[in-house]
$ cat coords_16.txt   # compact mmCIF, C-alpha atoms and all ligand atoms
# COMPACT_ATOMS: atom_id res chain seq x y z
CA MET A 1436 22.19 -4.68 -7.43
CA LYS A 1437 22.15 -5.38 -3.72
CA LYS A 1438 23.74 -8.57 -2.43
CA ILE A 1439 21.82 -10.82 -0.08
CA LYS A 1440 23.83 -11.10 3.11
CA ILE A 1441 23.93 -14.15 5.33
CA SER A 1442 24.34 -13.84 9.08
CA PRO A 1443 24.70 -17.36 10.54
CA SER A 1444 23.48 -17.74 14.11
CA ILE A 1445 26.06 -19.47 16.28
CA LEU A 1446 23.23 -20.73 18.47
CA SER A 1447 23.31 -23.91 16.36
CA ALA A 1448 27.11 -24.22 16.39
CA ASP A 1449 29.12 -26.66 18.47
CA PHE A 1450 29.54 -24.64 21.67
CA SER A 1451 32.57 -26.66 22.68
CA GLN A 1452 34.50 -25.22 19.75
CA LEU A 1453 32.96 -21.89 18.91
CA GLY A 1454 36.21 -20.37 17.65
CA THR A 1455 36.65 -23.09 15.03
CA GLU A 1456 32.99 -22.86 14.08
CA ILE A 1457 33.28 -19.13 13.46
CA LYS A 1458 36.35 -19.65 11.28
CA LYS A 1459 34.36 -22.16 9.24
CA LEU A 1460 31.57 -19.62 8.80
CA GLU A 1461 34.00 -17.02 7.48
CA GLU A 1462 35.60 -19.54 5.09
CA GLY A 1463 32.13 -20.61 3.99
CA GLY A 1464 31.26 -17.11 2.82
CA ALA A 1465 29.24 -15.71 5.74
CA ASP A 1466 28.87 -11.92 5.70
CA MET A 1467 28.58 -11.50 9.46
CA ILE A 1468 28.26 -13.53 12.64
CA HIS A 1469 24.89 -13.50 14.40
CA VAL A 1470 25.21 -13.79 18.16
CA ASP A 1471 22.01 -14.51 20.09
CA VAL A 1472 22.21 -13.13 23.59
CA MET A 1473 19.48 -14.42 25.93
CA ASP A 1474 18.90 -13.70 29.60
CA GLY A 1475 16.36 -16.25 30.82
CA HIS A 1476 14.02 -13.34 31.56
CA PHE A 1477 13.16 -11.46 28.34
CA VAL A 1478 13.23 -14.85 26.65
CA PRO A 1479 13.09 -18.28 28.34
CA ASN A 1480 16.65 -19.31 27.58
CA LEU A 1481 20.19 -18.37 28.59
CA THR A 1482 23.14 -18.03 26.25
CA ILE A 1483 26.32 -16.01 26.19
CA GLY A 1484 27.67 -12.78 27.59
CA PRO A 1485 30.27 -10.13 26.66
CA PRO A 1486 33.43 -12.12 27.64
CA VAL A 1487 32.55 -14.87 25.17
CA ILE A 1488 32.02 -12.34 22.38
CA LYS A 1489 35.34 -10.71 23.24
CA ALA A 1490 37.12 -14.06 23.01
CA LEU A 1491 35.43 -14.97 19.74
CA LYS A 1492 36.48 -11.71 18.07
CA ASN A 1493 39.97 -13.25 17.74
CA TYR A 1494 38.63 -15.87 15.36
CA SER A 1495 37.06 -13.74 12.66
CA THR A 1496 37.28 -10.36 11.02
CA LEU A 1497 33.60 -10.45 10.08
CA PRO A 1498 31.22 -7.97 11.72
CA PHE A 1499 29.53 -9.32 14.84
CA ASP A 1500 25.77 -8.94 14.54
CA VAL A 1501 24.71 -9.05 18.18
CA HIS A 1502 21.03 -9.69 18.88
CA LEU A 1503 20.25 -8.71 22.45
CA MET A 1504 17.24 -10.52 23.88
CA ILE A 1505 17.76 -9.17 27.37
CA SER A 1506 15.78 -6.84 29.60
CA PRO A 1507 16.36 -4.19 30.83
CA VAL A 1508 18.83 -3.91 27.96
CA HIS A 1509 20.05 -0.33 28.39
CA LYS A 1510 22.59 -0.89 31.16
CA TYR A 1511 24.30 -3.72 29.22
CA ILE A 1512 24.67 -1.98 25.86
CA LYS A 1513 28.11 -0.56 26.64
CA ASP A 1514 29.42 -3.96 27.77
CA TYR A 1515 28.47 -5.52 24.45
CA ALA A 1516 29.88 -2.60 22.51
CA ASP A 1517 33.18 -2.89 24.41
CA ALA A 1518 33.26 -6.65 23.84
CA GLY A 1519 33.32 -6.05 20.08
CA ALA A 1520 29.76 -6.04 18.81
CA ASP A 1521 29.59 -4.21 15.47
CA ILE A 1522 25.82 -4.21 15.12
CA ILE A 1523 23.72 -4.06 18.27
CA THR A 1524 20.08 -5.02 17.87
CA ILE A 1525 17.59 -4.49 20.66
CA HIS A 1526 13.89 -5.14 21.15
CA PRO A 1527 11.75 -2.03 21.82
CA GLU A 1528 9.96 -3.86 24.66
CA ALA A 1529 13.27 -4.39 26.46
CA THR A 1530 14.02 -0.76 27.28
CA ASP A 1531 12.19 1.98 29.18
CA ASN A 1532 13.43 4.65 26.83
CA LEU A 1533 13.96 3.44 23.28
CA GLU A 1534 15.26 6.76 22.02
CA GLU A 1535 17.91 6.89 24.73
CA SER A 1536 19.03 3.32 24.00
CA ILE A 1537 19.24 4.06 20.26
CA ASN A 1538 21.29 7.17 20.94
CA LEU A 1539 23.62 5.29 23.26
CA ILE A 1540 24.35 2.65 20.61
CA LYS A 1541 25.02 5.39 18.07
CA LYS A 1542 27.23 7.28 20.48
CA LEU A 1543 29.29 4.12 20.92
CA ASN A 1544 29.79 4.12 17.12
CA LYS A 1545 27.95 0.89 16.58
CA LYS A 1546 25.29 0.10 14.03
CA ILE A 1547 21.85 0.12 15.58
CA GLY A 1548 19.19 -2.47 14.86
CA LEU A 1549 15.64 -2.72 16.19
CA SER A 1550 13.93 -6.08 16.36
CA LEU A 1551 10.22 -6.80 15.99
CA ASN A 1552 8.71 -9.92 17.51
CA PRO A 1553 6.07 -11.66 15.37
CA ASP A 1554 3.27 -9.81 17.21
CA THR A 1555 4.97 -6.42 17.46
CA PRO A 1556 3.77 -3.97 14.80
CA ILE A 1557 6.02 -1.69 12.75
CA ASN A 1558 4.25 1.35 14.22
CA ILE A 1559 6.18 0.98 17.47
CA ILE A 1560 9.44 1.84 15.72
CA LYS A 1561 8.17 3.84 12.74
CA LYS A 1562 9.46 7.22 13.85
CA PHE A 1563 12.96 5.80 14.36
CA LEU A 1564 13.26 4.20 10.92
CA PRO A 1565 15.09 7.16 9.31
CA SER A 1566 17.75 7.07 12.02
CA ILE A 1567 18.55 3.37 12.39
CA ASP A 1568 20.67 0.93 10.36
CA LEU A 1569 18.61 -2.21 10.49
CA VAL A 1570 15.27 -3.78 11.35
CA LEU A 1571 15.37 -7.39 12.49
CA ILE A 1572 12.07 -9.09 11.77
CA MET A 1573 11.56 -12.11 14.01
CA SER A 1574 9.97 -14.96 12.10
CA VAL A 1575 9.75 -17.09 15.26
CA TYR A 1576 9.10 -16.15 18.89
CA PRO A 1577 12.60 -15.46 20.21
CA GLY A 1578 14.24 -17.84 22.64
CA PHE A 1579 15.24 -20.95 20.76
CA GLY A 1580 16.82 -22.12 17.53
CA GLY A 1581 15.21 -24.74 15.32
CA GLN A 1582 11.65 -23.37 15.44
CA LYS A 1583 9.19 -23.25 12.57
CA PHE A 1584 9.03 -20.13 10.38
CA ILE A 1585 5.86 -18.04 10.87
CA PRO A 1586 4.67 -17.18 7.31
CA ARG A 1587 2.56 -14.17 8.28
CA VAL A 1588 5.70 -12.11 8.90
CA ILE A 1589 6.16 -11.95 5.12
CA ASP A 1590 3.48 -9.25 5.04
CA LYS A 1591 5.38 -7.30 7.65
CA ILE A 1592 8.53 -7.45 5.52
CA LYS A 1593 6.57 -6.18 2.53
CA GLU A 1594 5.06 -3.37 4.61
CA LEU A 1595 8.49 -2.37 5.84
CA LYS A 1596 9.91 -2.38 2.34
CA ASN A 1597 7.06 -0.13 1.18
CA ILE A 1598 7.79 2.36 3.94
CA LYS A 1599 11.45 2.25 3.03
CA GLU A 1600 10.76 2.98 -0.61
CA LYS A 1601 8.08 5.60 -0.06
CA GLN A 1602 10.20 7.56 2.37
CA SER A 1603 13.48 6.87 0.52
CA ILE A 1604 15.23 5.77 3.68
CA LYS A 1605 18.02 3.29 3.97
CA PHE A 1606 18.04 0.51 6.49
CA ASP A 1607 18.66 -3.19 6.16
CA ILE A 1608 15.80 -5.64 6.54
CA GLU A 1609 17.05 -8.74 8.33
CA VAL A 1610 14.90 -11.81 9.04
CA ASP A 1611 15.55 -14.21 11.89
CA GLY A 1612 14.05 -17.59 12.74
CA GLY A 1613 13.23 -20.81 10.93
CA ILE A 1614 14.79 -19.72 7.65
CA ASP A 1615 15.19 -22.60 5.18
CA PHE A 1616 15.89 -23.01 1.46
CA ASP A 1617 12.28 -22.35 0.47
CA ASN A 1618 11.12 -19.54 2.72
CA SER A 1619 14.46 -17.75 2.18
CA LYS A 1620 13.30 -16.96 -1.34
CA LEU A 1621 9.99 -15.68 -0.10
CA VAL A 1622 11.52 -13.31 2.42
CA ILE A 1623 14.03 -12.04 -0.14
CA ALA A 1624 11.27 -11.43 -2.67
CA ALA A 1625 9.31 -9.61 0.05
CA GLY A 1626 12.23 -7.24 0.65
CA ALA A 1627 14.67 -8.78 3.13
CA ASN A 1628 18.37 -8.35 2.36
CA ILE A 1629 19.97 -10.08 5.36
CA LEU A 1630 19.05 -13.62 6.43
CA VAL A 1631 19.89 -15.04 9.83
CA SER A 1632 20.07 -18.81 9.96
CA GLY A 1633 21.27 -21.32 12.51
CA THR A 1634 19.79 -24.75 11.91
CA THR A 1635 19.82 -24.61 8.10
CA ILE A 1636 23.45 -23.50 7.94
CA PHE A 1637 24.86 -25.87 10.54
CA LYS A 1638 22.72 -28.95 10.04
CA ASN A 1639 21.64 -29.20 6.40
CA ASN A 1640 23.62 -31.04 3.72
CA LYS A 1641 25.55 -32.84 6.46
CA GLY A 1642 26.77 -29.54 7.83
CA ASP A 1643 28.26 -28.27 4.54
CA ILE A 1644 28.33 -24.64 5.65
CA LYS A 1645 29.54 -23.19 2.35
CA LYS A 1646 26.91 -25.00 0.34
CA ASN A 1647 24.15 -23.94 2.72
CA ILE A 1648 25.25 -20.31 2.70
CA ASP A 1649 25.43 -20.35 -1.11
CA ILE A 1650 21.92 -21.72 -1.43
CA LEU A 1651 20.45 -19.28 1.06
CA SER A 1652 22.04 -16.32 -0.67
CA ILE A 1653 20.82 -17.63 -4.05
CA LYS A 1654 24.31 -18.37 -5.28
CA GLY A 1655 23.43 -22.04 -5.20
CA THR A 1656 21.34 -23.85 -7.76
CA GLY A 1657 19.74 -27.22 -8.19
CA LYS A 1658 17.16 -29.09 -6.21
CA ALA A 1659 17.44 -27.07 -3.09
CA GLY A 1660 16.48 -23.99 -5.09
CA ARG A 1661 13.05 -25.37 -5.86
CA ILE A 1662 10.00 -23.88 -4.28
CA SER A 1663 6.66 -25.46 -3.59
CA LYS A 1664 3.52 -24.37 -5.37
CA GLY A 1665 2.04 -23.13 -2.10
CA ASP A 1666 5.07 -20.96 -1.45
CA LEU A 1667 4.96 -19.61 -4.97
CA MET A 1668 1.33 -18.69 -4.52
CA SER A 1669 2.04 -16.67 -1.44
CA LEU A 1670 4.98 -15.09 -3.25
CA VAL A 1671 3.21 -13.74 -6.31
CA GLY A 1672 -0.21 -13.63 -4.70
CA ASN A 1673 -3.57 -13.99 -6.36
CA ILE A 1674 -2.83 -17.18 -8.22
CA PRO A 1675 -6.14 -18.98 -8.58
CA GLN A 1676 -6.33 -22.50 -7.23
CA PRO A 1677 -6.39 -25.09 -10.00
CA SER A 1678 -9.96 -25.39 -11.13
CA THR A 1679 -11.54 -28.79 -11.41
CA ARG A 1680 -14.26 -27.39 -13.62
CA LYS A 1681 -14.04 -27.95 -17.33
CA SER A 1682 -16.06 -24.83 -18.11
CA THR A 1683 -14.79 -21.36 -18.85
CA HIS A 1684 -13.31 -19.49 -15.89
CA GLY A 1685 -15.46 -16.83 -14.31
CA LEU A 1686 -14.72 -13.16 -14.72
CA GLU A 1687 -13.22 -12.81 -11.25
CA GLU A 1688 -10.86 -15.69 -11.90
CA ARG A 1689 -9.76 -14.22 -15.21
CA VAL A 1690 -9.07 -10.88 -13.55
CA LYS A 1691 -6.88 -12.67 -11.01
CA MET A 1692 -4.97 -14.42 -13.77
CA THR A 1693 -4.41 -11.17 -15.62
CA ARG A 1694 -3.07 -9.60 -12.43
CA LEU A 1695 -0.74 -12.54 -12.02
CA ARG A 1696 0.59 -12.13 -15.55
CA VAL A 1697 1.15 -8.43 -14.89
CA THR A 1698 3.02 -9.23 -11.68
CA ILE A 1699 5.28 -11.69 -13.46
CA ALA A 1700 5.90 -9.30 -16.35
CA LYS A 1701 6.72 -6.52 -13.91
CA ARG A 1702 9.18 -8.69 -12.04
CA LEU A 1703 10.80 -9.81 -15.29
CA LYS A 1704 11.31 -6.17 -16.20
CA GLU A 1705 12.74 -5.36 -12.78
CA ALA A 1706 15.05 -8.32 -13.12
CA GLN A 1707 16.30 -7.18 -16.49
CA ASN A 1708 16.85 -3.69 -15.15
CA ASN A 1709 18.68 -4.91 -12.09
CA ALA A 1710 20.45 -7.77 -13.80
CA ALA A 1711 18.88 -9.79 -11.04
CA MET A 1712 19.03 -13.50 -10.70
CA ILE A 1713 16.31 -15.40 -12.46
CA THR A 1714 15.19 -18.74 -11.13
CA THR A 1715 12.78 -21.00 -12.89
CA PHE A 1716 10.43 -23.09 -10.85
CA ASN A 1717 8.17 -25.73 -12.24
CA VAL A 1718 5.06 -25.46 -10.15
CA GLY A 1719 2.96 -27.71 -12.29
CA CYS A 1720 -0.73 -28.01 -12.78
CA VAL A 1721 -1.95 -24.46 -12.46
CA ASP A 1722 -5.13 -24.48 -14.47
CA LEU A 1723 -5.08 -21.47 -16.73
CA SER A 1724 -7.01 -22.99 -19.57
CA SER A 1725 -10.04 -21.19 -20.84
CA LYS A 1726 -11.90 -24.33 -21.85
CA ARG A 1727 -10.84 -27.90 -21.27
CA ALA A 1728 -7.19 -28.50 -20.85
CA SER A 1729 -5.38 -28.21 -17.59
CA LEU A 1730 -1.99 -26.83 -18.42
CA ILE A 1731 1.21 -27.68 -16.73
CA LEU A 1732 3.02 -24.40 -16.60
CA SER A 1733 6.52 -23.38 -15.82
CA TRP A 1734 6.48 -20.09 -14.06
CA ILE A 1735 9.44 -17.83 -14.04
CA VAL A 1736 9.92 -16.21 -10.73
CA ILE A 1737 12.37 -13.45 -10.37
CA ILE A 1738 14.13 -12.94 -7.14
CA SER A 1739 15.38 -9.41 -7.50
CA ARG A 1740 18.33 -8.52 -5.40
CA TYR A 1741 17.37 -5.17 -4.08
C1 LIG B 1 15.85 -17.01 18.09
C2 LIG B 1 17.16 -16.48 17.56
C3 LIG B 1 17.51 -16.89 16.15
C4 LIG B 1 17.42 -18.34 15.85
C5 LIG B 1 17.99 -18.74 14.52
O1 LIG B 1 15.58 -16.43 19.30
O2 LIG B 1 17.14 -15.07 17.57
O3 LIG B 1 18.73 -16.30 15.77
O4 LIG B 1 17.95 -19.11 16.84
O5 LIG B 1 18.08 -20.11 14.46
P1 LIG B 1 17.22 -21.02 13.47
O6 LIG B 1 17.69 -20.67 12.09
O7 LIG B 1 17.55 -22.38 13.90
O8 LIG B 1 15.76 -20.66 13.66
ZN ZN B 2 18.74 -13.83 16.57
$ encode --input "coords_16.txt" --output "structure tokens" --more "lines below"
Ligand code: DX5
Ligand code: ZN
Amino acid sequence: MKKIKISPSILSADFSQLGTEIKKLEEGGADMIHVDVMDGHFVPNLTIGPPVIKALKNYSTLPFDVHLMISPVHKYIKDYADAGADIITIHPEATDNLEESINLIKKLNKKIGLSLNPDTPINIIKKFLPSIDLVLIMSVYPGFGGQKFIPRVIDKIKELKNIKEKQSIKFDIEVDGGIDFDNSKLVIAAGANILVSGTTIFKNNKGDIKKNIDILSIKGTGKAGRISKGDLMSLVGNIPQPSTRKSTHGLEERVKMTRLRVTIAKRLKEAQNNAAMITTFNVGCVDLSSKRASLILSWIVIISRY
């Protein structure tokens, strides 16, 4: 069973006391520290450089997950490696020779990640997938914290997971941007195993970092673990909209319902096999009745940790 890892983005931390903030993240159960490096050119914002990373390394033993949003990135890779980055993630658009940049990161004995903007297709990096450690799927346009999650990237995560399984290759699938307590479950179910989060970790529950990390990594329970019906629909797919008709459902609708039952049964089985975490969500009012009644159903959704 694979653990879901949380990589808090310090972009939402108090910049006047970054060292203390990083300590809090480690105590709160973070798995790594996500550092967003922006140059005011590749993205319209400016953040921090290698000396800051070097100084912050004294405050935590966690791996530094450095997300470089700078262009041209190649000439700065060594500086970030020397400063103490453990994972170096670059955007394919930010280098003239992606292969060379990948090789340089590997030569420096760092983990290599490739990041895909919401509009960048997997194809661009497909041939490198067997030789990299991580793909960072952007679920917002890079540049700022606190933006709204773009739901269509869920399909990209699924596609990536399929490639990973079909080709039996190992790389982490990390998602970055607008992650909250609801969409976190969707991206995990789609195949992500590392979640980046700034706003949710630093601002939710009055800044209770531990609690927020626990909920995001599905260690937490309770209200925050609930998911909306709309989200559930996009998670399992093919759930028919509640019918207002009192008559028998049409053939097409019944086929959809059968598919849904199969999906749920399959996920239950996977969960049993993987001893995965099972979460029950009451989505209410999904009309599965054959004749009159509209049933309030409790669906069991399995978030498998793989
Ligand atoms: C966006 C950054 C993200 C982002 C995360 O360019 O790469 O790491 O700021 O912050 P939230 O969780 O606030 O979207
Ligand atoms: Zn980032």
$ residues_near_point --input "coords_16.txt" --point "(13.9, -23.8, 10.9)" --cutoff "12 Å" --atoms "only C-alpha atoms" --output "PyMOL selection string"
chain A and resi 1444+1447+1574-1575+1579-1586+1611-1619+1631-1639
$ atom_distance --input "coords_16.txt" --atom1 "atom CA of Gly1578 of chain A" --atom2 "atom CA of Gln1452 of chain A"
21.8 Å
$ closest_residue --input "coords_16.txt" --among "A:Ile1540, A:Ile1547, A:Leu1651, A:Ile1488" --to "Lys1513 of chain A" --atoms "all atoms listed in the file"
A:Ile1540
$ closest_residue --input "coords_16.txt" --among "A:Ile1483, A:Leu1497, A:Leu1533, A:Leu1503" --to "ligand LIG 1 (chain B)" --atoms "all atoms listed in the file"
A:Leu1503
$ residues_around --input "coords_16.txt" --residues "Glu1461 of chain A" --least-positions-apart "3" --cutoff "10 Å" --atoms "only C-alpha atoms" --output "JSON list (two decimals) with C-alpha atoms, keeping the file's coordinate frame"
[["chain", "number", "residue", "atom", "x", "y", "z"],
["A", 1443, "PRO", "CA", 24.70, -17.36, 10.54],
["A", 1456, "GLU", "CA", 32.99, -22.86, 14.08],
["A", 1457, "ILE", "CA", 33.28, -19.13, 13.46],
["A", 1458, "LYS", "CA", 36.35, -19.65, 11.28],
["A", 1464, "GLY", "CA", 31.26, -17.11, 2.82],
["A", 1465, "ALA", "CA", 29.24, -15.71, 5.74],
["A", 1466, "ASP", "CA", 28.87, -11.92, 5.70],
["A", 1467, "MET", "CA", 28.58, -11.50, 9.46],
["A", 1468, "ILE", "CA", 28.26, -13.53, 12.64],
["A", 1494, "TYR", "CA", 38.63, -15.87, 15.36],
["A", 1495, "SER", "CA", 37.06, -13.74, 12.66],
["A", 1496, "THR", "CA", 37.28, -10.36, 11.02],
["A", 1497, "LEU", "CA", 33.60, -10.45, 10.08],
["A", 1644, "ILE", "CA", 28.33, -24.64, 5.65],
["A", 1645, "LYS", "CA", 29.54, -23.19, 2.35]]
$ residues_around --input "coords_16.txt" --residues "Val1472 of chain A" --least-positions-apart "4" --cutoff "8 Å" --atoms "only C-alpha atoms" --output "list in words"
Leu1481, Thr1482, Ile1483, Gly1484, Val1501, His1502, Leu1503, Met1504 and Ile1505 of chain A
$ atom_distance --input "coords_16.txt" --atom1 "atom CA of Pro1486 of chain A" --atom2 "atom CA of Val1508 of chain A"
16.8 Å
$ closest_residue --input "coords_16.txt" --among "A:Pro1527, A:Lys1561, A:Met1573, A:His1476" --to "ligand ZN 2 (chain B)" --atoms "all atoms listed in the file"
A:Met1573
$ atom_distance --input "coords_16.txt" --atom1 "atom CA of Ala1625 of chain A" --atom2 "atom CA of Glu1534 of chain A"
28.0 Å
$ residues_near_point --input "coords_16.txt" --point "(21.2, -11.9, 0.5)" --cutoff "7 Å" --atoms "only C-alpha atoms" --output "MDAnalysis selection string"
chainID A and resid 1438:1441 1628:1630 1652
$ closest_residue --input "coords_16.txt" --among "A:Pro1577, A:Pro1565, A:Gly1626, A:Gly1463" --to "Ser1603 of chain A" --atoms "all atoms listed in the file"
A:Pro1565
$ closest_residue --input "coords_16.txt" --among "A:Lys1599, A:Lys1646, A:Lys1459, A:Lys1541" --to "Val1570 of chain A" --atoms "all atoms listed in the file"
A:Lys1599
$ closest_residue --input "coords_16.txt" --among "A:Leu1551, A:Ile1589, A:Leu1571, A:Val1478" --to "Ile1522 of chain A" --atoms "only C-alpha atoms"
A:Leu1571
